[in-house]
Amino acid sequence: MDPVITLIQLIISGALVGGIYGLIAMGFVVAYRNARVFNIAYGQLAVVGAFVAWTFVGSPAAPRLPVPFAVVATLAVAVLLGLVVEWLLFRRMIDRSQFATFVASLGLLGVLQGLVMSVWGTKTLAMAPVFPKGPLHLGGIVLAREYLWAFLVAVLLAFVITLFFRRTRLGLAMRAAYDNQAAARTLGVSVRLSSQVAWSISAVIAAAGGILIATVGGVSMALSELVLVVLAVVLIAGMDSVAGCIAGGLVLAVGQNLVSYYAGAYFTGIESVFSMVLILIVLLVRPSGMFGTKPIERV
Amino acid sequence: MSTSNIILHSERLELSFGGIKALDSMSVEVEKGQILSLIGPNGAGKTCFINCVTGYYRPREGQIVFDGTDILGMRPHRIARLGISRTFQNPNTYPTMTALDILLAARYMHCRAGMMECLAPFGRSRREELQSRRSIEEVITFTHIEELRKKPISMMSYGQRKQVEIARALVMQPRLVLLDEPMSGLDDVMKEMVCELILDMHRQGMTIVLVEHDIQTVMELSHKVAVLDHGQKVAEGTPAEISRDARVASAYLGRNEADGQQAACP
Amino acid sequence: MKRGSRRQADYGRDVALIGGLRGWTALAVLLVATVVLPQLLSVTDNMKWVTFLNFTLLTIIAVLGLQIITGMAGQISLGHSAFLMTGGYIMAILATKLGFPFWIAAFLAVLATASVGVLVALPAIRLKGFYVAVVTLAFFTISQHIFQNLSIAGGIWGLSNVPGPSVGPLKIITDTSWYYFLLLLTAICIIASASLARSRIGRSFLAVRDNEVTASGLGINVPGAKLRAFFIGSLFAGIAGVFWTSYVTAVRIDQFSLWDSIWYLGMIIIGGLGSTAGAVLGVLFLQLVRQVLHEITASGVVPLSINFSAALTFAVYGLAIILFIAFRPHGLMAVWQKLKTSYKRWPFGE
Ligand SMILES: Nc1ncnc2c1ncn2[C@@H]1O[C@H](COP(=O)(O)OP(=O)(O)OP(=O)(O)O)[C@@H](O)[C@H]1O
Ligand SMILES: [Mg+2]
C-alpha cells in the first residue's frame with residue numbers, strides 16, 4: 001500500500017480513538033475537580049461498564065437486549081454504581097486529605113477488580129455489535145465504521161457534558177465550588193449534592209467510554225489500563241478544559257497508533273511506553289504539570 | 001563605626017508582585033549583636049523583607065550581604081546553613097510531628113552523619129543523636145516548653161506553636177535570627193516571657209531582627225528601629241528618635257487618619 | 001535542677017532503639033519464637049508454611065523501603081515493585097548470563113537498583129503529590145516493557161537457574177535454611193530502618209513530608225532529601241528483589257506486578273504510615289489474610305473456584321485498605337499504642 005495513504009489512515013483511525021480517550025479523560029477530571037478524588041480506580045469503572053454492557057447486549061452468537069435499551073440500562077447501572085461508591089465511601093471522606101481519598105480509591109480498585117473477576121472471569125469476551133460494522137472507503141482510505149460511530153458518540157457526549165457545566169445552574173455552581181468551596185457553600189451549593197452528581201457523571205462517562213472502546217477491541221480486564229491512558233491525556237491536556245482533553249486524546253492516540261505501526265514489531269507494548277514517556281516529558285517541561293498555572297506559594 | 005561590625009547589609013531591594021511594590025529600594029543594615037526592629041502597618045513589606053533575606057523570595061534588584069557573603073539568590077537551605085534562622089508569622093503546621101521531632105530535625109545542619117551512617121544503630125549517627133538531644137534539652141529549658149516535648153504540634157494552641165517556633169529557630173544556633181511577629185496573639189504573660197527570651201538571646205550574642213506591631217515592646221527592646229511603609233523605609237533610628245518622628249505616626253496611623261487627628265486635636 | 005539532671009541520664013534510653021527491661025524481654029521472646037518457628041511448623045506437615053514465611057520476610061524488606069519513600073518522606077510511589085523487578089532482573093542477568101559470582105552480582109544489582117531509584121526521583125523531586133505517583137507509575141510501565149523486550153532478560157519467559165547464596169561453606173538451598181538467612185537479612189533491614197528513623201537523615205525526611213517550606217529553613221536541601229529517600233527506599237527494594245529472584249531461582253515479568261505496588265502501599269497504610277514496626281505489621285496482616293483465604297479455598301470447606309479465590313483476595317485486600325483509611329487511618333500501630341496505654345491504665349479506663 002502507498003505509504004502516504006497508510007500514514008493518513010493511521011492518523012485518522014488514531015484520531016477516532018483519540019476522541020474516545022478524550023471523553024474518558026473528562027470523567028476522570030470531573031471526579032478530580034468536583035469530588036476531589038484522584039481516582040486511580042477510574043479504569044476499573046470503565047471495565048465494570050463494559051462488562052455490564054456485555055451482559056445486556058450479549059455475545060455476537062447470542063444477542064440479548066436491543067442495543068439502545070442495553071446501553072441505557074448499562075448507563076443506569078453506572079449511575080447507580082457511582083452513587084453507591086459515593087455513598088458508601090467517599091461521602092465519609094469529604095473532609096479528609098487528598099492522599100486519604102487517593103488511598104481509598106486504591107482500595108476501590110481492588111474491590112472492583114475482585115467483583116469483575118468473580119462475576120465475569122478474566123477472559124476477553126466478544127460483544128454483539130453495538131454499531132453498524134464494516135469497512136468504509138474514503139478515497140484510498142479504509143476505515144472501520146464502528147470507529148467512526150464510536151468517535152461521533154464520544155464527541156457528542158463530550159459536548160453534552162460541556163453544556164452541563166457551562167449552561168445549567170447546577171453545573172455552573174459545581175464549577176464555582178471547585179474554585180472556592182467556602183464561597184460555594186455560602187451560595188447554597190451543597191457539597192454532598194455536588195459530590196453525588198460528580199460521581200454519577202464520572203461513572204457514566206467511564207462506562208460509556210468502556211463500551212465505546214469495547215466495541216472496537218472487545219471486553220476484557222485490559223480495559224483497566226485505560227487509567228494509564230487517562231493520566232497521560234490529563235497531563236498533556238490539562239485539567240481545566242474539555243477541549244484540552246479531546247486534543248490530548250487525539251495527540252496520544254495518533255502518536256500511539258503511529259509508534260505501534262512503525263515500531264511495534266521491534267518492541268512489544270511500545271504504545272504504552274510511548275504514553276508514559278510522553279507523561280515524563282510533559283512533567284519535565286512543566287513541573288507543575290499542565291493542570292493549570294503554577295500556584296503562588298505564600299510564605 | 002567600622003563596616004566589619006555590620007552582619008547583615010541589604011541594599012536597594014526591589015520586589016514586586018504584579019503591580020504591587022512589596023519592597024521599594026529598601027536598604028537596611030544590622031549591626032552584630034544588636035536588636036533591630038522593623039515596624040510598619042499591615043502590608044508594609046516586613047515579611048517580604050524577611051523572605052528575601054532567608055531566600056524564599058528573590059528580589060528583582062538589590063544586594064543582600066550576610067557577614068561578607070552575598071546571599072542574594074541563594075536557596076533557603078544554603079542561607080540557613082550560613083547561620084540565619086527565622087520564625088514564621090503564622091506558626092507552621094506539621095501534620096505529624098511533635099515538638100521534640102521538629103527540634104531534633106532542626107539540628108540537621110549541626111550533624112554530619114552521612115546517609116549510610118544513619119542506617120547503623122551505632123557510630124556517629126548515634127553519638128550525634130545523643131548530643132542533639134542534650135542541646136535541644138537546653139533550648140527546651142531556655143524557652144520554657146518542657147511540658148510540650150511530646151505533644152503533636154497539630155494539637156497545640158496558637159501561642160504554644162509560637163513558642164515551639166522560637167525554640168526551633170534557636171536550636172539551629174544561628175548568628176542572626178529573624179523573628180516575624182513573635183508576640184502577636186499571645187497573652188501578656190507570654191509576651192513578657194518572649195521579651196525576656198529575646199533579651200536572653202541578645203545576651204548570648206545573637207543578632208536579632210524583630211518584626212513586631214507592639215510599639216511599646218519594640219521601643220523597650222531594640223537598639224535600632226526601622227519603619228517601613230509601602231515597601232519603603234521611611235525612617236530609621238534609635239527608639240527615642242523614632243518616637244519623635246512625625247512620619248512614623250503618619251505611616252502607622254495612615255495618612256488621612258493622622259491628618260484627621262491633627263485637625264481634631266490641635 | 002534535680003529534674004533536669006534526671007532527664008540528662010535518660011537521653012541514652014530515649015535515643016536507644018530498644019529501651020527498658022520490658023523491651024529487651026519482648027525482643028528475646030520474639031527472637032526465640034522466630035528461630036523455633038520453622039521447627040514447630042515442620043512438625044505439622046509440609047514446607048508450605050516455611051515458604052509462606054520466606055515470602056513474608058522478603059515482602060517485609062520491600063515494604064520497609066516503601067515506608068521510607070512514602071511513609072517517611074511523603075513521596076507517593078506506585079512503582080515500588082518495579083524496583084524489585086529491576087533488582088531481580090539485573091541479578092538474574094549478572095548471575096546467569098554474565099557469570100558473575102553470587103555476592104558480586106547481588107551487590108551490583110542492589111546498587112544498580114538504588115541508582116535507578118535516584119534516576120526515577122530526578123523528575124519526581126520537582127513535582128508534588130500525585131505527580132510523583134504518576135511518574136512512578138510511568139516508571140513501572142516503562143521498566144516492565146523494557147525487561148519484557150530485552151533479549152538478554154529472556155523476553156516473556158524471563159530467566160531461570162538463578163543461583164542461591166552461600167555463606168562460607170554453608171549453601172543456602174532448603175526452605176528452612178532460606179528462612180534463617182532471610183530472617184537475619186530482615187532483622188538487619190529492620191534495624192537499619194529503625195535507626196534511620198532516629199537519625200539526622202530520617203528526620204529530614206519527616207520534615208520534608210510535613211512541611212517542605214520550613215524544612216528548607218532548617219537547612220535541609222529538600223530535593224536532596226527526596227533523592228536520598230528514593231535511594232535508600234529502592235536499595236531495600238533492590239535487596240528484596242535480588243533475593244526474591246534467587247529464592248525462586250527465576251525471574252519473570254509477572255513476578256512483580258503493579259498490583260504488588262498497590263498492595264505494598266496498602267500494607268504501609270494498614271500498618272501505620274511512617275513507622276518501621278508499622279511496615280512489618282502491615283505486611284504480616286495482609287499476608288495472613290491472603291494465606292487464610294487461600295487455606296479456606298484450598299480446604300474445600302467452601303466450594304469455590306480457583307478464579308473466585310483470586311477474585312476474593314483482590315476484593316478483601318481492597319476492602320481492608322478502604323476500612324483502614326476510613327476508620328483507622330493511623331493503622332495497626334495506633335491500635336497497638338492504644339491497647340498499650342489502656343493496658344497500663346487498667347482498671348482506670350481510657
Ligand atoms: N506571594 C505573594 N504574592 C503576591 N503578593 C504578595 C506575596 N507576598 C506578599 N505579597 C504582598 O506584598 C505586600 C507586603 O506583604 P508583607 O507580607 O511583607 O506585609 P507585612 O508588612 O508583613 O504585613 P503584616 O503586618 O500584615 O504581616 C502585601 O501587599 C502583600 O499582599
Ligand atoms: Mg507579615
# chains A, B, ... in the order shown; residues from 1 in each chain; ligands from 1
>>> closest_atom_pairs(of="chain B", to="chain A", cutoff="8 Å", atoms="only C-alpha atoms", output="CSV")
residue,atom,partner,partner_atom,distance
B:Asn51,CA,A:Val299,CA,7.4
B:Tyr56,CA,A:Val299,CA,7.4
B:Phe88,CA,A:Val299,CA,7.9
>>> write_last_selection(atoms="C-alpha atoms", output="PDB file, in the first residue's frame")
ATOM      1  CA  ASN B  51      11.554  36.260  52.971  1.00  0.00           C
ATOM      2  CA  TYR B  56      12.192  32.376  49.914  1.00  0.00           C
ATOM      3  CA  PHE B  88       7.220  32.344  60.585  1.00  0.00           C
TER       4      PHE B  88
END
>>> residues_near_ligand(ligand="ligand 1", cutoff="9 Å", atoms="only C-alpha atoms and all ligand atoms", output="compact mmCIF listing (two decimals) with all heavy atoms, in the first residue's frame")
# COMPACT_ATOMS: atom_id res chain seq x y z
N ILE A 296 0.85 30.25 43.31
CA ILE A 296 1.83 31.08 44.01
C ILE A 296 1.97 30.56 45.43
O ILE A 296 0.99 30.31 46.11
CB ILE A 296 1.35 32.55 44.08
CG1 ILE A 296 1.15 33.09 42.67
CG2 ILE A 296 2.34 33.40 44.84
CD1 ILE A 296 0.44 34.41 42.64
N GLU A 297 3.20 30.39 45.83
CA GLU A 297 3.40 29.91 47.19
C GLU A 297 3.64 31.10 48.10
O GLU A 297 4.56 31.88 47.92
CB GLU A 297 4.58 28.97 47.24
CG GLU A 297 4.14 27.53 47.11
CD GLU A 297 5.31 26.60 47.19
OE1 GLU A 297 6.14 26.78 48.08
OE2 GLU A 297 5.38 25.71 46.34
N ARG A 298 2.79 31.23 49.09
CA ARG A 298 2.99 32.29 50.07
C ARG A 298 3.77 31.73 51.23
O ARG A 298 3.55 30.60 51.65
CB ARG A 298 1.65 32.80 50.57
CG ARG A 298 0.97 33.65 49.54
CD ARG A 298 0.23 34.75 50.24
NE ARG A 298 -0.37 35.63 49.26
CZ ARG A 298 -0.45 36.93 49.44
NH1 ARG A 298 0.00 37.47 50.55
NH2 ARG A 298 -1.00 37.68 48.53
N VAL A 299 4.67 32.51 51.75
CA VAL A 299 5.44 32.04 52.90
C VAL A 299 5.08 32.88 54.10
O VAL A 299 4.98 34.08 53.99
CB VAL A 299 6.94 32.13 52.62
CG1 VAL A 299 7.71 31.73 53.86
CG2 VAL A 299 7.28 31.24 51.46
N LEU B 15 11.24 44.45 45.14
CA LEU B 15 10.46 43.22 45.00
C LEU B 15 9.04 43.61 44.68
O LEU B 15 8.47 44.48 45.35
CB LEU B 15 10.50 42.42 46.31
CG LEU B 15 9.67 41.14 46.34
CD1 LEU B 15 10.36 40.02 45.58
CD2 LEU B 15 9.43 40.70 47.78
N SER B 16 8.48 43.02 43.63
CA SER B 16 7.07 43.36 43.37
C SER B 16 6.30 42.13 42.91
O SER B 16 6.85 41.17 42.37
CB SER B 16 6.98 44.46 42.32
OG SER B 16 7.81 44.18 41.23
N PHE B 17 5.03 42.17 43.21
CA PHE B 17 4.11 41.12 42.78
C PHE B 17 3.08 41.78 41.87
O PHE B 17 2.27 42.56 42.35
CB PHE B 17 3.41 40.50 43.98
CG PHE B 17 4.34 39.81 44.92
CD1 PHE B 17 4.76 40.43 46.08
CD2 PHE B 17 4.80 38.54 44.63
CE1 PHE B 17 5.63 39.79 46.94
CE2 PHE B 17 5.67 37.89 45.50
CZ PHE B 17 6.08 38.52 46.66
N GLY B 18 3.12 41.44 40.62
CA GLY B 18 2.21 42.11 39.69
C GLY B 18 2.47 43.60 39.79
O GLY B 18 3.58 44.06 39.57
N ILE B 20 1.97 45.38 42.59
CA ILE B 20 2.26 45.83 43.95
C ILE B 20 3.76 45.84 44.20
O ILE B 20 4.44 44.86 43.96
CB ILE B 20 1.62 44.88 44.99
CG1 ILE B 20 0.14 44.70 44.70
CG2 ILE B 20 1.86 45.39 46.40
CD1 ILE B 20 -0.46 43.54 45.41
N LYS B 21 4.26 46.98 44.67
CA LYS B 21 5.66 47.03 45.07
C LYS B 21 5.73 46.62 46.53
O LYS B 21 5.33 47.36 47.43
CB LYS B 21 6.20 48.45 44.90
CG LYS B 21 6.65 48.73 43.50
CD LYS B 21 7.68 49.84 43.47
CE LYS B 21 8.42 49.84 42.16
NZ LYS B 21 9.44 50.88 42.10
N ALA B 22 6.22 45.41 46.76
CA ALA B 22 6.29 44.93 48.14
C ALA B 22 7.50 45.51 48.86
O ALA B 22 7.46 45.83 50.03
CB ALA B 22 6.34 43.42 48.16
N LEU B 23 8.60 45.65 48.10
CA LEU B 23 9.78 46.33 48.64
C LEU B 23 10.25 47.33 47.59
O LEU B 23 10.36 46.99 46.42
CB LEU B 23 10.91 45.33 48.94
CG LEU B 23 10.70 44.38 50.12
CD1 LEU B 23 11.88 43.43 50.22
CD2 LEU B 23 10.52 45.14 51.42
N LEU B 38 11.81 46.03 62.91
CA LEU B 38 11.16 46.54 61.71
C LEU B 38 9.70 46.76 62.08
O LEU B 38 9.02 45.82 62.51
CB LEU B 38 11.22 45.50 60.60
CG LEU B 38 12.40 45.45 59.66
CD1 LEU B 38 12.16 44.34 58.64
CD2 LEU B 38 12.57 46.77 58.96
N ILE B 39 9.24 47.99 61.92
CA ILE B 39 7.81 48.19 62.17
C ILE B 39 7.17 48.80 60.93
O ILE B 39 7.85 49.26 60.03
CB ILE B 39 7.56 49.07 63.41
CG1 ILE B 39 8.19 50.45 63.22
CG2 ILE B 39 8.09 48.41 64.66
CD1 ILE B 39 7.84 51.44 64.32
N GLY B 40 5.86 48.80 60.94
CA GLY B 40 5.14 49.35 59.79
C GLY B 40 3.76 48.74 59.75
O GLY B 40 3.52 47.70 60.35
N PRO B 41 2.85 49.41 59.05
CA PRO B 41 1.47 48.92 59.01
C PRO B 41 1.37 47.58 58.28
O PRO B 41 2.33 47.13 57.66
CB PRO B 41 0.74 50.01 58.23
CG PRO B 41 1.78 50.71 57.47
CD PRO B 41 3.03 50.63 58.26
N ASN B 42 0.23 46.95 58.33
CA ASN B 42 0.00 45.69 57.62
C ASN B 42 0.26 45.89 56.14
O ASN B 42 -0.14 46.89 55.56
CB ASN B 42 -1.44 45.21 57.80
CG ASN B 42 -1.74 44.85 59.25
OD1 ASN B 42 -2.68 45.34 59.83
ND2 ASN B 42 -0.92 44.02 59.83
N GLY B 43 0.94 44.92 55.56
CA GLY B 43 1.21 45.01 54.13
C GLY B 43 2.35 45.92 53.78
O GLY B 43 2.57 46.24 52.62
N ALA B 44 3.13 46.34 54.79
CA ALA B 44 4.22 47.27 54.52
C ALA B 44 5.39 46.58 53.83
O ALA B 44 6.22 47.23 53.21
CB ALA B 44 4.68 47.91 55.82
N GLY B 45 5.48 45.27 53.97
CA GLY B 45 6.57 44.55 53.32
C GLY B 45 7.57 43.97 54.31
O GLY B 45 8.66 43.54 53.91
N LYS B 46 7.21 43.91 55.57
CA LYS B 46 8.13 43.41 56.59
C LYS B 46 8.42 41.92 56.38
O LYS B 46 9.57 41.49 56.36
CB LYS B 46 7.53 43.63 57.99
CG LYS B 46 7.13 45.07 58.25
CD LYS B 46 6.50 45.25 59.60
CE LYS B 46 5.19 44.51 59.81
NZ LYS B 46 4.03 45.05 59.09
N THR B 47 7.34 41.17 56.20
CA THR B 47 7.53 39.73 55.98
C THR B 47 8.28 39.50 54.68
O THR B 47 9.13 38.61 54.58
CB THR B 47 6.17 39.02 55.95
OG1 THR B 47 5.52 39.27 57.19
CG2 THR B 47 6.34 37.53 55.77
N CYS B 48 7.98 40.32 53.68
CA CYS B 48 8.68 40.18 52.40
C CYS B 48 10.17 40.38 52.59
O CYS B 48 10.99 39.68 51.97
CB CYS B 48 8.15 41.19 51.38
SG CYS B 48 6.56 40.72 50.71
N PHE B 49 10.55 41.33 53.43
CA PHE B 49 11.97 41.55 53.68
C PHE B 49 12.61 40.30 54.26
O PHE B 49 13.66 39.85 53.81
CB PHE B 49 12.15 42.75 54.62
CG PHE B 49 13.57 42.96 55.04
CD1 PHE B 49 14.50 43.47 54.14
CD2 PHE B 49 13.99 42.62 56.32
CE1 PHE B 49 15.82 43.64 54.52
CE2 PHE B 49 15.31 42.78 56.69
CZ PHE B 49 16.24 43.29 55.80
N ILE B 50 11.94 39.73 55.26
CA ILE B 50 12.47 38.51 55.88
C ILE B 50 12.56 37.38 54.85
O ILE B 50 13.54 36.65 54.79
CB ILE B 50 11.58 38.08 57.07
CG1 ILE B 50 11.70 39.12 58.17
CG2 ILE B 50 11.97 36.71 57.57
CD1 ILE B 50 10.99 38.75 59.44
N ASN B 51 11.54 37.30 54.00
CA ASN B 51 11.55 36.26 52.97
C ASN B 51 12.71 36.45 52.00
O ASN B 51 13.26 35.47 51.50
CB ASN B 51 10.23 36.24 52.21
CG ASN B 51 9.14 35.55 53.00
OD1 ASN B 51 9.42 34.78 53.91
ND2 ASN B 51 7.90 35.83 52.67
N TYR B 57 11.97 34.51 48.80
CA TYR B 57 11.65 35.38 47.67
C TYR B 57 12.95 35.89 47.09
O TYR B 57 13.93 36.08 47.81
CB TYR B 57 10.82 36.59 48.12
CG TYR B 57 9.39 36.27 48.51
CD1 TYR B 57 8.62 37.24 49.14
CD2 TYR B 57 8.82 35.03 48.25
CE1 TYR B 57 7.31 36.97 49.50
CE2 TYR B 57 7.52 34.76 48.60
CZ TYR B 57 6.77 35.73 49.24
OH TYR B 57 5.48 35.46 49.60
N GLN B 89 5.51 34.02 60.55
CA GLN B 89 4.46 34.84 61.15
C GLN B 89 3.28 33.98 61.61
O GLN B 89 2.81 34.11 62.73
CB GLN B 89 4.00 35.87 60.13
CG GLN B 89 2.94 36.80 60.67
CD GLN B 89 2.70 37.95 59.71
OE1 GLN B 89 3.38 38.10 58.69
NE2 GLN B 89 1.73 38.78 60.04
N ASP B 180 9.42 36.95 63.09
CA ASP B 180 8.30 37.62 62.43
C ASP B 180 7.09 37.63 63.36
O ASP B 180 6.40 36.62 63.48
CB ASP B 180 7.97 36.91 61.11
CG ASP B 180 7.15 37.80 60.18
OD1 ASP B 180 6.65 38.84 60.64
OD2 ASP B 180 7.01 37.43 59.00
N GLU B 181 6.88 38.74 64.01
CA GLU B 181 5.77 38.93 64.94
C GLU B 181 5.67 37.80 65.96
O GLU B 181 4.65 37.10 66.03
CB GLU B 181 4.45 39.08 64.17
CG GLU B 181 4.55 40.20 63.14
CD GLU B 181 3.20 40.65 62.60
OE1 GLU B 181 2.17 40.26 63.17
OE2 GLU B 181 3.21 41.42 61.64
N VAL B 211 10.33 41.75 63.94
CA VAL B 211 9.18 42.41 63.32
C VAL B 211 8.06 42.34 64.33
O VAL B 211 7.74 41.26 64.82
CB VAL B 211 8.76 41.69 62.02
CG1 VAL B 211 7.42 42.19 61.53
CG2 VAL B 211 9.81 41.88 60.96
N GLU B 212 7.52 43.47 64.69
CA GLU B 212 6.52 43.44 65.75
C GLU B 212 5.61 44.66 65.66
O GLU B 212 6.03 45.74 65.29
CB GLU B 212 7.24 43.40 67.11
CG GLU B 212 6.35 43.17 68.30
CD GLU B 212 5.41 42.00 68.12
OE1 GLU B 212 5.90 40.87 67.94
OE2 GLU B 212 4.18 42.20 68.15
N HIS B 213 4.34 44.44 65.97
CA HIS B 213 3.40 45.56 65.92
C HIS B 213 3.30 46.29 67.26
O HIS B 213 2.91 47.43 67.31
CB HIS B 213 2.01 45.06 65.52
CG HIS B 213 1.89 44.84 64.04
ND1 HIS B 213 2.05 45.86 63.14
CD2 HIS B 213 1.65 43.73 63.31
CE1 HIS B 213 1.91 45.39 61.92
NE2 HIS B 213 1.66 44.08 62.00
N LEU B 228 8.87 50.80 58.00
CA LEU B 228 8.55 50.51 56.60
C LEU B 228 7.13 50.98 56.30
O LEU B 228 6.23 50.85 57.13
CB LEU B 228 8.59 49.00 56.35
CG LEU B 228 9.91 48.34 55.97
CD1 LEU B 228 9.64 46.89 55.64
CD2 LEU B 228 10.50 49.04 54.76
N ASP B 229 6.97 51.47 55.09
CA ASP B 229 5.61 51.77 54.64
C ASP B 229 5.58 51.60 53.13
O ASP B 229 6.44 52.16 52.43
CB ASP B 229 5.23 53.19 55.04
CG ASP B 229 3.75 53.44 54.77
OD1 ASP B 229 2.99 52.46 54.69
OD2 ASP B 229 3.37 54.62 54.65
N HIS B 230 4.64 50.86 52.64
CA HIS B 230 4.56 50.57 51.21
C HIS B 230 5.89 50.15 50.63
O HIS B 230 6.28 50.59 49.55
CB HIS B 230 4.04 51.81 50.47
CG HIS B 230 2.60 52.07 50.76
ND1 HIS B 230 2.21 53.02 51.69
CD2 HIS B 230 1.48 51.52 50.29
CE1 HIS B 230 0.90 53.02 51.76
NE2 HIS B 230 0.42 52.12 50.93
N GLY B 231 6.59 49.32 51.36
CA GLY B 231 7.84 48.79 50.86
C GLY B 231 9.02 49.73 50.96
O GLY B 231 10.14 49.36 50.63
>>> closest_atom_pairs(of="chain C", to="chain B", cutoff="6 Å", atoms="only C-alpha atoms", output="Markdown table")
| residue | atom | partner | partner_atom | distance |
| --- | --- | --- | --- | --- |
| C:Ala192 | CA | B:Leu119 | CA | 4.5 |
| C:Ser195 | CA | B:Pro121 | CA | 5.2 |
| C:Leu196 | CA | B:Leu119 | CA | 5.0 |
| C:Ser199 | CA | B:Cys118 | CA | 5.6 |
| C:Arg200 | CA | B:Tyr108 | CA | 5.6 |
| C:Arg203 | CA | B:Ala105 | CA | 5.2 |
| C:Asp210 | CA | B:Tyr94 | CA | 5.1 |
| C:Ser216 | CA | B:His77 | CA | 4.7 |
| C:Gly217 | CA | B:His77 | CA | 5.6 |
| C:Leu218 | CA | B:Ala106 | CA | 5.4 |
| C:Gly219 | CA | B:His77 | CA | 3.9 |
| C:Ile220 | CA | B:His77 | CA | 5.5 |
| C:Asn221 | CA | B:His77 | CA | 5.7 |
>>> write_last_selection(atoms="N, CA and C atoms", output="CSV table (one decimal), in the first residue's frame")
chain,number,residue,atom,x,y,z
C,192,ALA,N,18.2,-1.3,60.4
C,192,ALA,CA,18.6,-0.1,59.6
C,192,ALA,C,17.5,0.9,59.5
C,195,SER,N,16.9,2.7,62.8
C,195,SER,CA,18.0,3.6,63.0
C,195,SER,C,17.8,4.9,62.2
C,196,LEU,N,17.4,4.6,61.0
C,196,LEU,CA,17.3,5.8,60.1
C,196,LEU,C,16.2,6.7,60.6
C,199,SER,N,17.5,9.3,63.0
C,199,SER,CA,18.8,9.9,62.7
C,199,SER,C,18.5,11.2,62.0
C,200,ARG,N,19.6,11.9,61.7
C,200,ARG,CA,19.5,13.2,61.0
C,200,ARG,C,18.8,13.1,59.7
C,203,ARG,N,15.1,12.2,60.0
C,203,ARG,CA,14.3,13.4,60.5
C,203,ARG,C,14.1,14.4,59.3
C,210,ASP,N,6.3,16.7,56.2
C,210,ASP,CA,5.3,17.6,57.0
C,210,ASP,C,5.2,19.0,56.4
C,216,SER,N,13.2,23.5,54.4
C,216,SER,CA,14.3,24.2,53.8
C,216,SER,C,14.9,25.3,54.7
C,217,GLY,N,14.0,25.8,55.5
C,217,GLY,CA,14.5,26.8,56.5
C,217,GLY,C,15.4,26.2,57.6
C,218,LEU,N,15.3,24.9,57.7
C,218,LEU,CA,16.1,24.2,58.7
C,218,LEU,C,17.5,23.8,58.2
C,219,GLY,N,17.7,24.2,56.9
C,219,GLY,CA,19.0,23.9,56.3
C,219,GLY,C,18.9,22.6,55.6
C,220,ILE,N,17.7,22.0,55.4
C,220,ILE,CA,17.5,20.8,54.6
C,220,ILE,C,17.4,21.1,53.2
C,221,ASN,N,18.2,20.4,52.3
C,221,ASN,CA,18.0,20.5,50.9
C,221,ASN,C,16.9,19.6,50.5
>>> interface_residues(of="chain C", to="chain A", cutoff="9 Å", atoms="only C-alpha atoms", output="number ranges by chain")
C: 76, 123-124, 126-131, 134-135, 137-139, 141-143, 145-146, 148-150, 213, 259, 262-263, 265-266, 269, 307-326, 329
>>> residues_around(residues="Lys162 (chain B)", least_positions_apart="4", cutoff="7 Å", atoms="only C-alpha atoms", output="list in words")
Pro91, Tyr158, Ile166 and Pro182 of chain B
>>> write_last_selection(atoms="all heavy atoms", output="tab-separated table (two decimals), in the first residue's frame")
chain	number	residue	atom	x	y	z
B	91	PRO	N	2.39	30.54	62.81
B	91	PRO	CA	3.15	29.37	63.25
B	91	PRO	C	2.78	28.18	62.39
B	91	PRO	O	1.61	27.94	62.11
B	91	PRO	CB	2.72	29.18	64.69
B	91	PRO	CG	1.47	29.94	64.85
B	91	PRO	CD	1.52	31.05	63.86
B	158	TYR	N	-2.25	28.21	69.48
B	158	TYR	CA	-1.50	29.19	68.68
B	158	TYR	C	-0.26	29.66	69.42
B	158	TYR	O	0.85	29.67	68.88
B	158	TYR	CB	-2.44	30.37	68.40
B	158	TYR	CG	-1.90	31.43	67.49
B	158	TYR	CD1	-1.99	31.29	66.12
B	158	TYR	CD2	-1.33	32.58	68.01
B	158	TYR	CE1	-1.52	32.28	65.28
B	158	TYR	CE2	-0.84	33.57	67.19
B	158	TYR	CZ	-0.94	33.42	65.82
B	158	TYR	OH	-0.47	34.39	65.00
B	166	ILE	N	9.91	29.53	68.08
B	166	ILE	CA	11.12	30.23	68.53
B	166	ILE	C	12.18	29.21	68.94
B	166	ILE	O	13.36	29.34	68.59
B	166	ILE	CB	10.80	31.17	69.71
B	166	ILE	CG1	9.87	32.28	69.23
B	166	ILE	CG2	12.08	31.76	70.29
B	166	ILE	CD1	9.40	33.21	70.31
B	182	PRO	N	6.71	37.65	66.78
B	182	PRO	CA	6.70	36.53	67.73
B	182	PRO	C	5.67	36.72	68.85
B	182	PRO	O	5.36	35.76	69.54
B	182	PRO	CB	8.12	36.56	68.31
B	182	PRO	CG	8.57	37.95	68.14
B	182	PRO	CD	7.93	38.44	66.88
>>> atom_distance(atom1="CA of Leu170 (chain A)", atom2="CA of Val197 (chain A)")
9.2 Å
>>> residues_around(residues="Thr55 (chain A)", least_positions_apart="4", cutoff="10 Å", atoms="only C-alpha atoms", output="list of chain:residue names")
A:Gly49, A:Ala50, A:Phe51, A:Ser59, A:Pro63, A:Arg64, A:Leu65, A:Ala70, A:Thr74, A:Trp120, A:Met127
>>> write_last_selection(atoms="C-alpha atoms", output="PDB file, in the first residue's frame")
ATOM      1  CA  GLY A  49     -19.323  -0.619  32.497  1.00  0.00           C
ATOM      2  CA  ALA A  50     -18.084  -2.691  29.585  1.00  0.00           C
ATOM      3  CA  PHE A  51     -18.877  -5.989  31.281  1.00  0.00           C
ATOM      4  CA  SER A  59     -22.299 -12.024  22.681  1.00  0.00           C
ATOM      5  CA  PRO A  63     -27.535 -11.171  21.417  1.00  0.00           C
ATOM      6  CA  ARG A  64     -29.887 -10.261  24.247  1.00  0.00           C
ATOM      7  CA  LEU A  65     -31.466  -6.819  24.521  1.00  0.00           C
ATOM      8  CA  ALA A  70     -28.952  -2.259  26.654  1.00  0.00           C
ATOM      9  CA  THR A  74     -25.821  -0.001  31.377  1.00  0.00           C
ATOM     10  CA  TRP A 120     -17.296 -12.270  34.628  1.00  0.00           C
ATOM     11  CA  MET A 127     -19.758  -8.313  22.363  1.00  0.00           C
TER      12      MET A 127
END
>>> atom_distance(atom1="CA of Ala277 (chain C)", atom2="CA of Phe236 (chain C)")
15.5 Å
>>> select_by_dssp(residues="region 157-206 of chain C", states="strand (DSSP E or B)", output="list in words")
Leu159, Ser160, Ser166, Val167, Leu170 and Lys171 of chain C
>>> residues_around(residues="Ile198 (chain B)", least_positions_apart="3", cutoff="9 Å", atoms="only C-alpha atoms", output="list in words")
Ile35, Met193, Val194, Cys195, Met201, His202, Arg203, Ile208 and Leu221 of chain B
